[in-house]
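Q: Quick one, start-v3.cif (mmCIF, C-alpha atoms and all ligand atoms):
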data_structure
#
loop_
_atom_site.label_atom_id
_atom_site.label_comp_id
_atom_site.auth_asym_id
_atom_site.auth_seq_id
_atom_site.Cartn_x
_atom_site.Cartn_y
_atom_site.Cartn_z
CA MET A 1 33.83 32.69 18.33
CA GLY A 2 30.53 31.96 19.92
CA CYS A 3 27.14 30.44 19.26
CA THR A 4 25.33 31.78 16.23
CA ALA A 5 21.58 31.72 15.64
CA ASN A 6 22.11 28.52 13.69
CA ASP A 7 24.06 26.95 16.57
CA VAL A 8 21.19 27.78 18.92
CA ALA A 9 18.74 26.23 16.46
CA VAL A 10 20.89 23.06 16.29
CA ALA A 11 20.95 22.86 20.09
CA LEU A 12 17.15 23.09 20.15
CA ARG A 13 16.93 20.34 17.55
CA VAL A 14 19.16 18.10 19.67
CA ALA A 15 16.93 18.93 22.64
CA ALA A 16 13.88 17.93 20.58
CA GLU A 17 15.48 14.55 19.81
CA THR A 18 16.28 14.01 23.48
CA VAL A 19 12.74 14.90 24.50
CA ALA A 20 11.32 12.47 21.93
CA GLU A 21 13.64 9.69 23.14
CA HIS A 22 12.73 10.29 26.79
CA SER A 23 9.06 11.16 26.35
CA ALA A 24 7.79 7.86 27.82
CA GLU A 25 10.21 8.11 30.74
CA LEU A 26 9.06 11.65 31.57
CA THR A 27 5.42 10.68 31.34
CA ASP A 28 6.07 7.64 33.58
CA LEU A 29 7.66 9.95 36.16
CA ASP A 30 4.62 12.24 36.00
CA ARG A 31 2.07 9.42 36.38
CA PRO A 32 2.37 8.55 40.09
CA ILE A 33 2.73 12.16 41.32
CA GLY A 34 0.98 14.14 38.57
CA ASP A 35 -1.28 13.53 35.60
CA GLY A 36 1.05 11.52 33.36
CA ASP A 37 1.50 14.01 30.56
CA HIS A 38 4.89 15.69 31.00
CA GLY A 39 6.68 13.73 28.27
CA GLU A 40 3.81 14.11 25.81
CA ASN A 41 3.49 17.82 26.59
CA LEU A 42 7.16 18.52 25.94
CA LYS A 43 7.31 16.27 22.88
CA ARG A 44 4.40 18.13 21.29
CA GLY A 45 6.07 21.47 22.00
CA PHE A 46 9.50 20.54 20.70
CA GLU A 47 8.03 18.92 17.58
CA ALA A 48 6.26 22.20 16.83
CA LEU A 49 9.50 24.08 17.48
CA VAL A 50 11.44 21.88 15.04
CA ALA A 51 8.70 22.39 12.43
CA SER A 52 9.04 26.13 12.89
CA LEU A 53 12.86 25.98 12.59
CA ASP A 54 12.51 23.78 9.48
CA ASN A 55 10.46 26.55 7.99
CA ALA A 56 12.89 29.34 8.90
CA VAL A 57 15.73 29.94 11.37
CA PRO A 58 15.48 33.52 12.65
CA GLU A 59 18.51 35.75 12.19
CA THR A 60 19.73 36.27 15.73
CA PRO A 61 20.16 33.96 18.73
CA ALA A 62 17.61 36.06 20.62
CA ALA A 63 15.05 35.66 17.86
CA VAL A 64 15.56 31.87 17.85
CA LEU A 65 15.11 31.77 21.62
CA LYS A 66 11.97 33.87 21.28
CA VAL A 67 10.48 31.41 18.79
CA ALA A 68 11.27 28.62 21.26
CA ALA A 69 9.51 30.58 23.99
CA THR A 70 6.34 31.36 22.08
CA THR A 71 6.10 27.86 20.63
CA LEU A 72 6.57 26.14 23.99
CA ILE A 73 4.07 28.49 25.67
CA SER A 74 1.42 27.81 23.04
CA LYS A 75 2.03 24.05 22.53
CA VAL A 76 3.27 22.46 25.76
CA GLY A 77 0.52 23.61 28.09
CA GLY A 78 0.26 22.49 31.71
CA ALA A 79 2.61 23.98 34.25
CA ALA A 80 5.78 23.27 32.29
CA GLY A 81 4.81 25.13 29.09
CA PRO A 82 4.58 28.62 30.62
CA LEU A 83 7.60 27.91 32.87
CA TYR A 84 9.92 26.77 30.08
CA GLY A 85 8.46 29.43 27.80
CA THR A 86 9.25 32.14 30.33
CA ALA A 87 12.77 30.75 30.74
CA PHE A 88 13.44 31.00 27.00
CA LEU A 89 11.84 34.44 26.79
CA ARG A 90 14.04 35.78 29.60
CA ALA A 91 17.07 34.11 28.01
CA ALA A 92 16.23 35.86 24.72
CA THR A 93 16.10 39.22 26.47
CA ALA A 94 19.37 38.52 28.28
CA VAL A 95 21.35 37.83 25.08
CA GLY A 96 20.14 41.06 23.49
CA GLN A 97 21.22 41.73 19.93
CA SER A 98 24.48 39.71 20.01
CA THR A 99 24.97 37.68 16.85
CA GLU A 100 27.42 35.25 18.53
CA LEU A 101 26.98 34.20 22.14
CA ASP A 102 30.08 33.63 24.25
CA ALA A 103 30.16 31.53 27.42
CA ALA A 104 29.55 34.50 29.73
CA THR A 105 26.48 35.55 27.73
CA ILE A 106 25.10 32.00 27.75
CA ALA A 107 25.69 31.80 31.51
CA ALA A 108 23.79 35.08 31.89
CA ALA A 109 20.99 33.71 29.70
CA LEU A 110 20.70 30.59 31.87
CA ASN A 111 20.58 32.78 34.95
CA ALA A 112 17.85 34.93 33.41
CA GLY A 113 15.92 31.75 32.54
CA LEU A 114 16.09 30.60 36.14
CA ASP A 115 14.91 34.02 37.35
CA GLY A 116 11.95 33.75 34.98
CA VAL A 117 10.98 30.28 36.24
CA VAL A 118 11.21 31.46 39.85
CA ALA A 119 9.26 34.68 39.14
CA ARG A 120 6.52 32.67 37.48
CA GLY A 121 6.36 29.55 39.65
CA LYS A 122 7.62 30.83 43.02
CA ALA A 123 9.46 27.58 43.74
CA GLU A 124 12.66 27.41 45.76
CA VAL A 125 15.35 24.75 45.81
CA GLY A 126 13.99 21.86 47.87
CA ASP A 127 10.39 22.15 46.63
CA ALA A 128 10.96 19.23 44.20
CA THR A 129 10.52 21.08 40.90
CA MET A 130 12.58 21.94 37.84
CA VAL A 131 14.21 24.65 39.96
CA ASP A 132 16.08 21.90 41.84
CA ALA A 133 17.85 21.03 38.58
CA LEU A 134 18.05 24.51 37.05
CA LYS A 135 19.48 26.47 39.96
CA PRO A 136 22.55 24.27 40.54
CA ALA A 137 23.05 24.18 36.77
CA VAL A 138 23.10 27.98 36.62
CA GLU A 139 25.57 28.11 39.50
CA ALA A 140 27.82 25.53 37.84
CA ALA A 141 27.67 27.50 34.58
CA GLN A 142 28.70 30.71 36.34
CA ALA A 143 31.64 28.90 37.93
CA ALA A 144 32.74 27.27 34.66
CA LYS A 145 32.12 30.05 32.12
CA LYS A 146 35.85 30.82 31.98
CA ASP A 147 36.39 27.31 30.54
CA GLY A 148 34.40 27.95 27.37
CA VAL A 149 30.90 27.06 26.16
CA ALA A 150 31.26 23.28 25.84
CA ALA A 151 32.92 22.71 29.24
CA MET A 152 30.53 25.16 30.88
CA LEU A 153 27.41 23.44 29.54
CA SER A 154 28.79 20.03 30.44
CA ALA A 155 29.33 21.20 34.04
CA ALA A 156 25.82 22.67 34.06
CA ALA A 157 24.34 19.40 32.82
CA ASP A 158 26.22 17.41 35.50
CA ALA A 159 24.90 19.75 38.20
CA ALA A 160 21.37 19.50 36.78
CA ASP A 161 21.53 15.69 36.88
CA GLU A 162 22.58 15.77 40.49
CA GLY A 163 19.91 18.36 41.29
CA ALA A 164 17.20 16.33 39.56
CA ASN A 165 18.21 13.21 41.51
CA SER A 166 18.04 15.20 44.74
CA THR A 167 14.24 15.61 44.30
CA LYS A 168 13.55 11.93 44.95
CA PRO A 169 13.47 11.99 48.77
CA LEU A 170 11.72 15.37 48.92
CA VAL A 171 8.13 16.34 49.65
CA ALA A 172 6.84 18.25 46.61
CA ARG A 173 5.70 21.76 47.52
CA LYS A 174 4.68 23.15 44.11
CA GLY A 175 2.61 21.94 41.19
CA ARG A 176 0.34 18.88 41.05
CA ALA A 177 2.77 16.67 42.98
CA SER A 178 2.28 18.93 46.02
CA TYR A 179 -1.34 17.72 46.27
CA LEU A 180 0.09 14.35 47.40
CA GLY A 181 1.97 15.78 50.38
CA GLN A 182 4.14 13.10 52.00
CA ARG A 183 3.13 10.59 49.32
CA SER A 184 5.27 12.52 46.83
CA ILE A 185 8.37 11.26 48.69
CA GLY A 186 10.38 8.71 46.73
CA HIS A 187 9.55 10.08 43.28
CA LEU A 188 11.90 11.92 40.96
CA ASP A 189 10.28 15.16 39.78
CA PRO A 190 9.51 14.96 36.04
CA GLY A 191 10.25 18.63 35.38
CA ALA A 192 13.60 18.40 37.15
CA ARG A 193 14.41 15.37 35.02
CA SER A 194 13.40 17.18 31.79
CA THR A 195 15.51 20.21 32.74
CA ALA A 196 18.51 17.93 33.22
CA LEU A 197 17.83 16.28 29.85
CA LEU A 198 17.57 19.66 28.08
CA LEU A 199 20.85 20.86 29.57
CA ARG A 200 22.56 17.59 28.60
CA ALA A 201 21.27 18.06 25.05
CA PHE A 202 22.63 21.62 24.92
CA ALA A 203 25.99 20.36 26.23
CA GLU A 204 26.07 17.60 23.59
CA ALA A 205 25.26 20.13 20.87
CA ALA A 206 28.12 22.38 22.01
CA ARG A 207 30.79 19.66 21.96
P1 LIG A 301 1.10 19.68 34.70
O1 LIG A 301 1.49 19.34 36.09
O2 LIG A 301 0.29 20.91 34.62
O3 LIG A 301 0.49 18.50 33.99
P2 LIG A 301 3.63 19.09 33.42
O4 LIG A 301 3.35 17.69 33.78
O5 LIG A 301 3.95 19.36 31.99
O6 LIG A 301 2.47 20.04 33.89
O7 LIG A 301 4.88 19.62 34.27
C1 LIG A 301 5.04 19.28 35.62
C2 LIG A 301 6.36 19.84 36.12
O8 LIG A 301 6.31 21.27 36.19
C3 LIG A 301 6.72 19.40 37.53
O9 LIG A 301 7.37 18.16 37.53
C4 LIG A 301 7.61 20.53 38.04
O10 LIG A 301 8.97 20.31 37.76
C5 LIG A 301 7.16 21.71 37.22
N1 LIG A 301 6.43 22.66 38.05
C6 LIG A 301 5.12 22.65 38.39
N2 LIG A 301 4.81 23.72 39.14
C7 LIG A 301 5.96 24.44 39.28
C8 LIG A 301 6.32 25.67 39.94
N3 LIG A 301 5.41 26.38 40.60
N4 LIG A 301 7.59 26.09 39.85
C9 LIG A 301 8.52 25.38 39.16
N5 LIG A 301 8.25 24.22 38.52
C10 LIG A 301 6.99 23.76 38.59
MG MG A 302 1.62 16.66 34.18
MG MG A 303 -1.16 18.27 32.76
#
Can you give me the file's structure in the form of structure tokens?
A:
Amino acid sequence: MGCTANDVAVALRVAAETVAEHSAELTDLDRPIGDGDHGENLKRGFEALVASLDNAVPETPAAVLKVAATTLISKVGGAAGPLYGTAFLRAATAVGQSTELDAATIAAALNAGLDGVVARGKAEVGDATMVDALKPAVEAAQAAKKDGVAAMLSAAADAADEGANSTKPLVARKGRASYLGQRSIGHLDPGARSTALLLRAFAEAAR
């Protein structure tokens, strides 16, 4: 038994709640090294996504992920909108027409999402971006997929937390924070933090 379209929709709703709760924190992280809008951007996007899911939950997991992608691309804006949107779009393609996603399929979807973010943003681990949270999360998911969806996502969320925290001492090399050069040192990357929050929300939803 795996994750149905409805389960994916529930996970996105939990993510929307998390984003709303942490919106001010994310914006505060974005203020000193960016333009202070990351929390607001994501909150607007996830609110629109919940409104769309309230209206109708598409029939397959892929179709739900595709709605997430298009909504985030059109509503979040900035750098993060297209990056998260691409991640969800690639994840949708990766799950194909399955009606219930097992742990291995979800791990593959996370991996496809990472590939999309990297293809679009060209960041590597160590550049102080969301990739610093997402890549270790994908690796942890691959290693833990044999343990089932809930344990796998919990391991992914732990790895994402650690990866997000690792951005603090780094010099940002991509996005607005890179304009600051050395002055970006000492700041947690907002997108890495939001990636960790999203993965934690997915893990909570799967428990
Ligand atoms: P903007 O900087 O356009 O206002 P946001 O504030 O919504 O966009 O998002 C900023 C986040 O986007 C950064 O904290 C970083 O994690 C992520 N980001 C920016 N550029 C890239 C990139 N090229 N690759 C990966 N992530 C990136
Ligand atoms: Mg910003
Ligand atoms: Mg902006």
Q: Using only C-alpha atoms, which residues of region 123-196 of chain A come within 12 Å of region 41-57 of chain A, and what is the closest atom pair for each, with the distance in Å to one decimal? Give it as JSON lines, sorted by chain and residue number.
A:
{"residue": "A:Pro190", "atom": "CA", "partner": "A:Leu42", "partner_atom": "CA", "distance": 11.0}
{"residue": "A:Gly191", "atom": "CA", "partner": "A:Leu42", "partner_atom": "CA", "distance": 9.9}
{"residue": "A:Ser194", "atom": "CA", "partner": "A:Leu42", "partner_atom": "CA", "distance": 8.7}
{"residue": "A:Thr195", "atom": "CA", "partner": "A:Leu42", "partner_atom": "CA", "distance": 10.9}
Q: Could you pull the residues within 9 Å of Gly39 (chain A), counting all atoms listed in the file, minus those fewer than 3 positions along the same chain, as a PyMOL selection string?
A: chain A and resi 19-20+22-30+36+42-44+190+194
Q: Generate the output file for the selected residues, C-alpha atoms, as an mmCIF file, keeping the file's coordinate frame.
A:
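Okay, result.cif is ready:
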data_model
loop_
_atom_site.group_PDB
_atom_site.id
_atom_site.type_symbol
_atom_site.label_atom_id
_atom_site.label_comp_id
_atom_site.auth_asym_id
_atom_site.auth_seq_id
_atom_site.Cartn_x
_atom_site.Cartn_y
_atom_site.Cartn_z
ATOM 1 C CA VAL A 19 12.740 14.900 24.500
ATOM 2 C CA ALA A 20 11.320 12.470 21.930
ATOM 3 C CA HIS A 22 12.730 10.290 26.790
ATOM 4 C CA SER A 23 9.060 11.160 26.350
ATOM 5 C CA ALA A 24 7.790 7.860 27.820
ATOM 6 C CA GLU A 25 10.210 8.110 30.740
ATOM 7 C CA LEU A 26 9.060 11.650 31.570
ATOM 8 C CA THR A 27 5.420 10.680 31.340
ATOM 9 C CA ASP A 28 6.070 7.640 33.580
ATOM 10 C CA LEU A 29 7.660 9.950 36.160
ATOM 11 C CA ASP A 30 4.620 12.240 36.000
ATOM 12 C CA GLY A 36 1.050 11.520 33.360
ATOM 13 C CA LEU A 42 7.160 18.520 25.940
ATOM 14 C CA LYS A 43 7.310 16.270 22.880
ATOM 15 C CA ARG A 44 4.400 18.130 21.290
ATOM 16 C CA PRO A 190 9.510 14.960 36.040
ATOM 17 C CA SER A 194 13.400 17.180 31.790
#
Q: What are the nearest atom pairs, with distances in Å to one decimal, for all residues of chain A that come at most 7 Å from ligand MG 302 (chain A), using only C-alpha atoms and all ligand atoms, set out by chain and rising residue number as CSV?
A:
residue,atom,partner,partner_atom,distance
A:Asp30,CA,A:MG302,MG,5.6
A:Gly34,CA,A:MG302,MG,5.1
A:Asp35,CA,A:MG302,MG,4.5
A:Gly36,CA,A:MG302,MG,5.2
A:Asp37,CA,A:MG302,MG,4.5
A:His38,CA,A:MG302,MG,4.7
A:Gly78,CA,A:MG302,MG,6.5
Q: Tell me, in Å to one decimal, how far CA of Ala140 (chain A) is from CA of Ala177 (chain A).
A: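 Result for CA of Ala140 (chain A) versus CA of Ala177 (chain A): 27.1 Å, one decimal.
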Q: Could you list the protein, DNA and RNA residues that have any atom within 10 Å of ligand LIG 301 (chain A), counting all atoms listed in the file, and write them as a PyMOL selection string?
A: chain A and resi 26-27+29-31+33-42+76-84+114+116-125+127-134+164+167+172-178+188-195
